[in-house]
Amino acid sequence: MASSTPNLECRMYEARFPDVDMAVMIQVKSIGEMCAYVSLLEYNNIEGMILLSELSRRRIRSINSLIKRRVSEEDIQICEDRYNKSKLVHSIMRHVAETMQIDLEDLYIHVGWPLYRKYGHAFEAFKLVVNDPDSILDSLTRENKVIGPDGTEVTKVVPALTEEVKDALVKNIKRRMTPQPLKIRADIEMKCFQFDGVLHIKEAMRKAEAAGNQDCPVKIKLVAPPSYVLITQTLDKEQGISVLTKAIAACTEEIELHKGKLTVKEAPRAVSEREDILLAERMAKLSQANEEVEGDDDSEEEEDTGMGDVDLDKPQEI
């Protein structure tokens, strides 16, 4: 399996070429008068050609968006999901091949493609490897042909991976594929105009946080009155959404007991790191806007100074 100059270039799938009418991920390299030249990213960047006449008879502004428009939304989603999974698998496989000095295609032949055949996608097998590497990887074998004592060729079935390569592969899979907690967030507005409205809102916030559990703790934060966000972190997206939905219901019930009102502006959903950054920036700007503007204290001092030093107990001369 070892090689002095390992080949680190290989397609992602066992088939050398995609099936007819199959949606694939491409990169446009150049555009000629009659066609566009592209690279098939999932097939080791082999070149392809798309006739412009097959896409549109009108003037073309963006070949990338035009190609997408010619594919159904469902096919686009399937293609993108498959490519993202395959790209992660390929990245892990290539890193192992490079660090262990073995051919990438050889690793695919004995590990990657057998897992694709057995599990539908190697990504699904890699997810199982995180918790149970031995049952997944030890089932993989390869045939070695050796010369027997009598000079005849003998075929031996041996494990597909040496212990060193297996350890490197498991280590990389666990590092890259261990599930990360998702952040689930809901945006609400809450108002209560009763005499003790602030206290009632605080109690409603406590009810919302009490709806959380050990796996999905709920936190509610003030953005700027009357805007609040409910946040939880969990490995299970559906569970997180369910917990926040219950938290909103508990909060609504409590505030409505005191003639308050809660409006859901954004339902519970998984949010990205970018959305978190935008929320933090928004909260920082609102906090800054609520601070006293420099000069407010000076104006009060000027008003006091304008009255002069007056002793109210002493009669003043007119």
# chains A, B, ... in the order shown; residues from 1 in each chain; ligands from 1
call {"tool": "residues_around", "arguments": {"residues": "region 118-132 of chain A", "least_positions_apart": "3", "cutoff": "10 Å", "atoms": "only C-alpha atoms", "output": "PyMOL selection string"}}
result
chain A and resi 13+82+84-90+92+111-115+135-137+169-179
call {"tool": "residues_around", "arguments": {"residues": "Lys166 (chain A)", "least_positions_apart": "6", "cutoff": "10 Å", "atoms": "only C-alpha atoms", "output": "MDAnalysis selection string"}}
result
chainID A and resid 96 133:134 137:138 160 172
call {"tool": "write_last_selection", "arguments": {"atoms": "all heavy atoms", "output": "PDB file, in the first residue's frame"}}
result
ATOM      1  N   VAL A  96      -5.435  11.704   4.883  1.00  0.00           N
ATOM      2  CA  VAL A  96      -4.858  10.440   5.368  1.00  0.00           C
ATOM      3  C   VAL A  96      -3.845   9.905   4.362  1.00  0.00           C
ATOM      4  O   VAL A  96      -2.751   9.467   4.741  1.00  0.00           O
ATOM      5  CB  VAL A  96      -5.972   9.401   5.624  1.00  0.00           C
ATOM      6  CG1 VAL A  96      -5.371   8.030   5.919  1.00  0.00           C
ATOM      7  CG2 VAL A  96      -6.861   9.845   6.784  1.00  0.00           C
ATOM      8  N   PRO A 133     -15.781   2.529  15.335  1.00  0.00           N
ATOM      9  CA  PRO A 133     -14.892   2.382  14.175  1.00  0.00           C
ATOM     10  C   PRO A 133     -14.595   0.928  13.804  1.00  0.00           C
ATOM     11  O   PRO A 133     -14.496   0.598  12.627  1.00  0.00           O
ATOM     12  CB  PRO A 133     -13.622   3.113  14.612  1.00  0.00           C
ATOM     13  CG  PRO A 133     -13.671   3.137  16.099  1.00  0.00           C
ATOM     14  CD  PRO A 133     -15.118   3.204  16.459  1.00  0.00           C
ATOM     15  N   ASP A 134     -14.456   0.065  14.792  1.00  0.00           N
ATOM     16  CA  ASP A 134     -14.042  -1.312  14.508  1.00  0.00           C
ATOM     17  C   ASP A 134     -15.062  -2.072  13.670  1.00  0.00           C
ATOM     18  O   ASP A 134     -14.698  -2.758  12.708  1.00  0.00           O
ATOM     19  CB  ASP A 134     -13.777  -2.065  15.813  1.00  0.00           C
ATOM     20  CG  ASP A 134     -12.557  -1.529  16.554  1.00  0.00           C
ATOM     21  OD1 ASP A 134     -11.729  -0.863  15.914  1.00  0.00           O
ATOM     22  OD2 ASP A 134     -12.443  -1.768  17.770  1.00  0.00           O
ATOM     23  N   LEU A 137     -14.860  -0.530   9.941  1.00  0.00           N
ATOM     24  CA  LEU A 137     -13.611  -0.628   9.179  1.00  0.00           C
ATOM     25  C   LEU A 137     -13.022  -2.034   9.169  1.00  0.00           C
ATOM     26  O   LEU A 137     -12.346  -2.416   8.207  1.00  0.00           O
ATOM     27  CB  LEU A 137     -12.589   0.372   9.729  1.00  0.00           C
ATOM     28  CG  LEU A 137     -13.006   1.855   9.649  1.00  0.00           C
ATOM     29  CD1 LEU A 137     -11.933   2.740  10.258  1.00  0.00           C
ATOM     30  CD2 LEU A 137     -13.286   2.270   8.210  1.00  0.00           C
ATOM     31  N   ASP A 138     -13.254  -2.809  10.218  1.00  0.00           N
ATOM     32  CA  ASP A 138     -12.672  -4.158  10.261  1.00  0.00           C
ATOM     33  C   ASP A 138     -13.327  -5.109   9.268  1.00  0.00           C
ATOM     34  O   ASP A 138     -12.785  -6.177   8.959  1.00  0.00           O
ATOM     35  CB  ASP A 138     -12.772  -4.741  11.676  1.00  0.00           C
ATOM     36  CG  ASP A 138     -11.816  -4.062  12.642  1.00  0.00           C
ATOM     37  OD1 ASP A 138     -10.982  -3.257  12.176  1.00  0.00           O
ATOM     38  OD2 ASP A 138     -11.907  -4.312  13.858  1.00  0.00           O
ATOM     39  N   ALA A 160      -8.179  -4.475   4.953  1.00  0.00           N
ATOM     40  CA  ALA A 160      -7.940  -3.433   3.950  1.00  0.00           C
ATOM     41  C   ALA A 160      -6.974  -2.367   4.448  1.00  0.00           C
ATOM     42  O   ALA A 160      -6.283  -1.724   3.663  1.00  0.00           O
ATOM     43  CB  ALA A 160      -9.259  -2.796   3.538  1.00  0.00           C
ATOM     44  N   ASN A 172      -8.881  11.275  12.026  1.00  0.00           N
ATOM     45  CA  ASN A 172      -9.343  12.366  11.163  1.00  0.00           C
ATOM     46  C   ASN A 172     -10.860  12.414  11.070  1.00  0.00           C
ATOM     47  O   ASN A 172     -11.457  13.496  11.047  1.00  0.00           O
ATOM     48  CB  ASN A 172      -8.739  12.214   9.769  1.00  0.00           C
ATOM     49  CG  ASN A 172      -7.359  12.827   9.662  1.00  0.00           C
ATOM     50  OD1 ASN A 172      -7.207  14.003   9.413  1.00  0.00           O
ATOM     51  ND2 ASN A 172      -6.332  12.013   9.903  1.00  0.00           N
TER      52      ASN A 172
END
call {"tool": "residues_around", "arguments": {"residues": "Glu42 (chain A)", "least_positions_apart": "3", "cutoff": "7 Å", "atoms": "only C-alpha atoms", "output": "PDB file with all heavy atoms, in the first residue's frame"}}
result
ATOM      1  N   ARG A  11     -10.836  10.744  -8.425  1.00  0.00           N
ATOM      2  CA  ARG A  11     -12.257  11.115  -8.431  1.00  0.00           C
ATOM      3  C   ARG A  11     -12.895  10.693  -7.112  1.00  0.00           C
ATOM      4  O   ARG A  11     -12.344   9.864  -6.381  1.00  0.00           O
ATOM      5  CB  ARG A  11     -12.967  10.450  -9.609  1.00  0.00           C
ATOM      6  CG  ARG A  11     -12.936   8.937  -9.555  1.00  0.00           C
ATOM      7  CD  ARG A  11     -13.356   8.318 -10.884  1.00  0.00           C
ATOM      8  NE  ARG A  11     -13.367   6.854 -10.808  1.00  0.00           N
ATOM      9  CZ  ARG A  11     -12.293   6.092 -10.937  1.00  0.00           C
ATOM     10  NH1 ARG A  11     -11.102   6.645 -11.133  1.00  0.00           N
ATOM     11  NH2 ARG A  11     -12.399   4.768 -10.880  1.00  0.00           N
ATOM     12  N   MET A  12     -14.072  11.248  -6.824  1.00  0.00           N
ATOM     13  CA  MET A  12     -14.740  10.938  -5.567  1.00  0.00           C
ATOM     14  C   MET A  12     -15.525   9.630  -5.621  1.00  0.00           C
ATOM     15  O   MET A  12     -15.749   9.003  -4.586  1.00  0.00           O
ATOM     16  CB  MET A  12     -15.676  12.085  -5.176  1.00  0.00           C
ATOM     17  CG  MET A  12     -14.977  13.408  -4.925  1.00  0.00           C
ATOM     18  SD  MET A  12     -16.150  14.715  -4.472  1.00  0.00           S
ATOM     19  CE  MET A  12     -15.049  16.111  -4.277  1.00  0.00           C
ATOM     20  N   MET A  25     -21.726  18.935  -9.878  1.00  0.00           N
ATOM     21  CA  MET A  25     -21.141  20.214  -9.509  1.00  0.00           C
ATOM     22  C   MET A  25     -19.983  20.519 -10.452  1.00  0.00           C
ATOM     23  O   MET A  25     -19.103  19.677 -10.674  1.00  0.00           O
ATOM     24  CB  MET A  25     -20.641  20.162  -8.072  1.00  0.00           C
ATOM     25  CG  MET A  25     -20.349  21.525  -7.482  1.00  0.00           C
ATOM     26  SD  MET A  25     -21.826  22.571  -7.264  1.00  0.00           S
ATOM     27  CE  MET A  25     -22.642  21.723  -5.928  1.00  0.00           C
ATOM     28  N   ASN A  45     -11.883  16.741 -11.647  1.00  0.00           N
ATOM     29  CA  ASN A  45     -11.753  17.923 -12.506  1.00  0.00           C
ATOM     30  C   ASN A  45     -11.588  17.593 -13.986  1.00  0.00           C
ATOM     31  O   ASN A  45     -10.947  18.350 -14.733  1.00  0.00           O
ATOM     32  CB  ASN A  45     -10.585  18.804 -12.048  1.00  0.00           C
ATOM     33  CG  ASN A  45     -10.832  19.424 -10.693  1.00  0.00           C
ATOM     34  OD1 ASN A  45     -11.929  19.900 -10.416  1.00  0.00           O
ATOM     35  ND2 ASN A  45      -9.839  19.392  -9.828  1.00  0.00           N
TER      36      ASN A  45
END
call {"tool": "select_by_dssp", "arguments": {"residues": "region 110-279 of chain A", "states": "alpha helix (DSSP H)", "output": "PyMOL selection string"}}
result
chain A and resi 113-119+122-129+133-137+163-177+197-210+237-256+273-279
call {"tool": "decode", "arguments": {"residues": "region 181-231 of chain A", "atoms": "C-alpha atoms", "output": "PDB file, in the first residue's frame"}}
result
ATOM      1  CA  PRO A 181     -24.050  21.700  18.860  1.00  0.00           C
ATOM      2  CA  LEU A 182     -26.534  23.689  16.826  1.00  0.00           C
ATOM      3  CA  LYS A 183     -27.700  27.065  18.047  1.00  0.00           C
ATOM      4  CA  ILE A 184     -31.483  27.442  17.865  1.00  0.00           C
ATOM      5  CA  ARG A 185     -32.986  30.917  18.172  1.00  0.00           C
ATOM      6  CA  ALA A 186     -36.396  32.565  18.211  1.00  0.00           C
ATOM      7  CA  ASP A 187     -37.099  36.317  18.052  1.00  0.00           C
ATOM      8  CA  ILE A 188     -40.059  37.737  19.958  1.00  0.00           C
ATOM      9  CA  GLU A 189     -41.569  41.009  21.104  1.00  0.00           C
ATOM     10  CA  MET A 190     -43.076  41.189  24.594  1.00  0.00           C
ATOM     11  CA  LYS A 191     -45.033  44.059  26.123  1.00  0.00           C
ATOM     12  CA  CYS A 192     -46.934  44.647  29.355  1.00  0.00           C
ATOM     13  CA  PHE A 193     -48.353  48.066  30.263  1.00  0.00           C
ATOM     14  CA  GLN A 194     -49.550  47.160  33.746  1.00  0.00           C
ATOM     15  CA  PHE A 195     -48.217  49.038  36.785  1.00  0.00           C
ATOM     16  CA  ASP A 196     -45.756  46.202  37.534  1.00  0.00           C
ATOM     17  CA  GLY A 197     -45.204  45.424  33.862  1.00  0.00           C
ATOM     18  CA  VAL A 198     -41.427  45.028  34.167  1.00  0.00           C
ATOM     19  CA  LEU A 199     -41.843  42.491  36.962  1.00  0.00           C
ATOM     20  CA  HIS A 200     -44.401  40.541  34.947  1.00  0.00           C
ATOM     21  CA  ILE A 201     -42.050  40.457  31.940  1.00  0.00           C
ATOM     22  CA  LYS A 202     -39.213  39.172  34.150  1.00  0.00           C
ATOM     23  CA  GLU A 203     -41.469  36.447  35.500  1.00  0.00           C
ATOM     24  CA  ALA A 204     -42.460  35.463  31.955  1.00  0.00           C
ATOM     25  CA  MET A 205     -38.758  35.258  31.071  1.00  0.00           C
ATOM     26  CA  ARG A 206     -38.186  32.929  34.033  1.00  0.00           C
ATOM     27  CA  LYS A 207     -41.057  30.723  32.845  1.00  0.00           C
ATOM     28  CA  ALA A 208     -39.467  30.527  29.395  1.00  0.00           C
ATOM     29  CA  GLU A 209     -36.077  29.510  30.794  1.00  0.00           C
ATOM     30  CA  ALA A 210     -37.739  26.932  33.060  1.00  0.00           C
ATOM     31  CA  ALA A 211     -39.078  25.183  29.936  1.00  0.00           C
ATOM     32  CA  GLY A 212     -35.539  24.127  29.041  1.00  0.00           C
ATOM     33  CA  ASN A 213     -33.853  20.913  30.139  1.00  0.00           C
ATOM     34  CA  GLN A 214     -30.340  19.576  30.661  1.00  0.00           C
ATOM     35  CA  ASP A 215     -29.872  18.781  26.970  1.00  0.00           C
ATOM     36  CA  CYS A 216     -31.502  22.018  25.751  1.00  0.00           C
ATOM     37  CA  PRO A 217     -31.085  24.821  28.305  1.00  0.00           C
ATOM     38  CA  VAL A 218     -33.051  27.932  27.336  1.00  0.00           C
ATOM     39  CA  LYS A 219     -31.744  31.468  27.712  1.00  0.00           C
ATOM     40  CA  ILE A 220     -33.733  34.613  26.957  1.00  0.00           C
ATOM     41  CA  LYS A 221     -31.958  37.898  26.266  1.00  0.00           C
ATOM     42  CA  LEU A 222     -33.136  41.459  25.884  1.00  0.00           C
ATOM     43  CA  VAL A 223     -32.170  43.025  22.562  1.00  0.00           C
ATOM     44  CA  ALA A 224     -33.948  46.347  23.079  1.00  0.00           C
ATOM     45  CA  PRO A 225     -37.472  46.785  24.483  1.00  0.00           C
ATOM     46  CA  PRO A 226     -39.721  45.183  23.394  1.00  0.00           C
ATOM     47  CA  SER A 227     -37.440  42.796  21.450  1.00  0.00           C
ATOM     48  CA  TYR A 228     -36.080  39.599  23.001  1.00  0.00           C
ATOM     49  CA  VAL A 229     -34.360  36.446  21.714  1.00  0.00           C
ATOM     50  CA  LEU A 230     -34.681  32.907  23.051  1.00  0.00           C
ATOM     51  CA  ILE A 231     -31.622  30.724  22.517  1.00  0.00           C
TER      52      ILE A 231
END
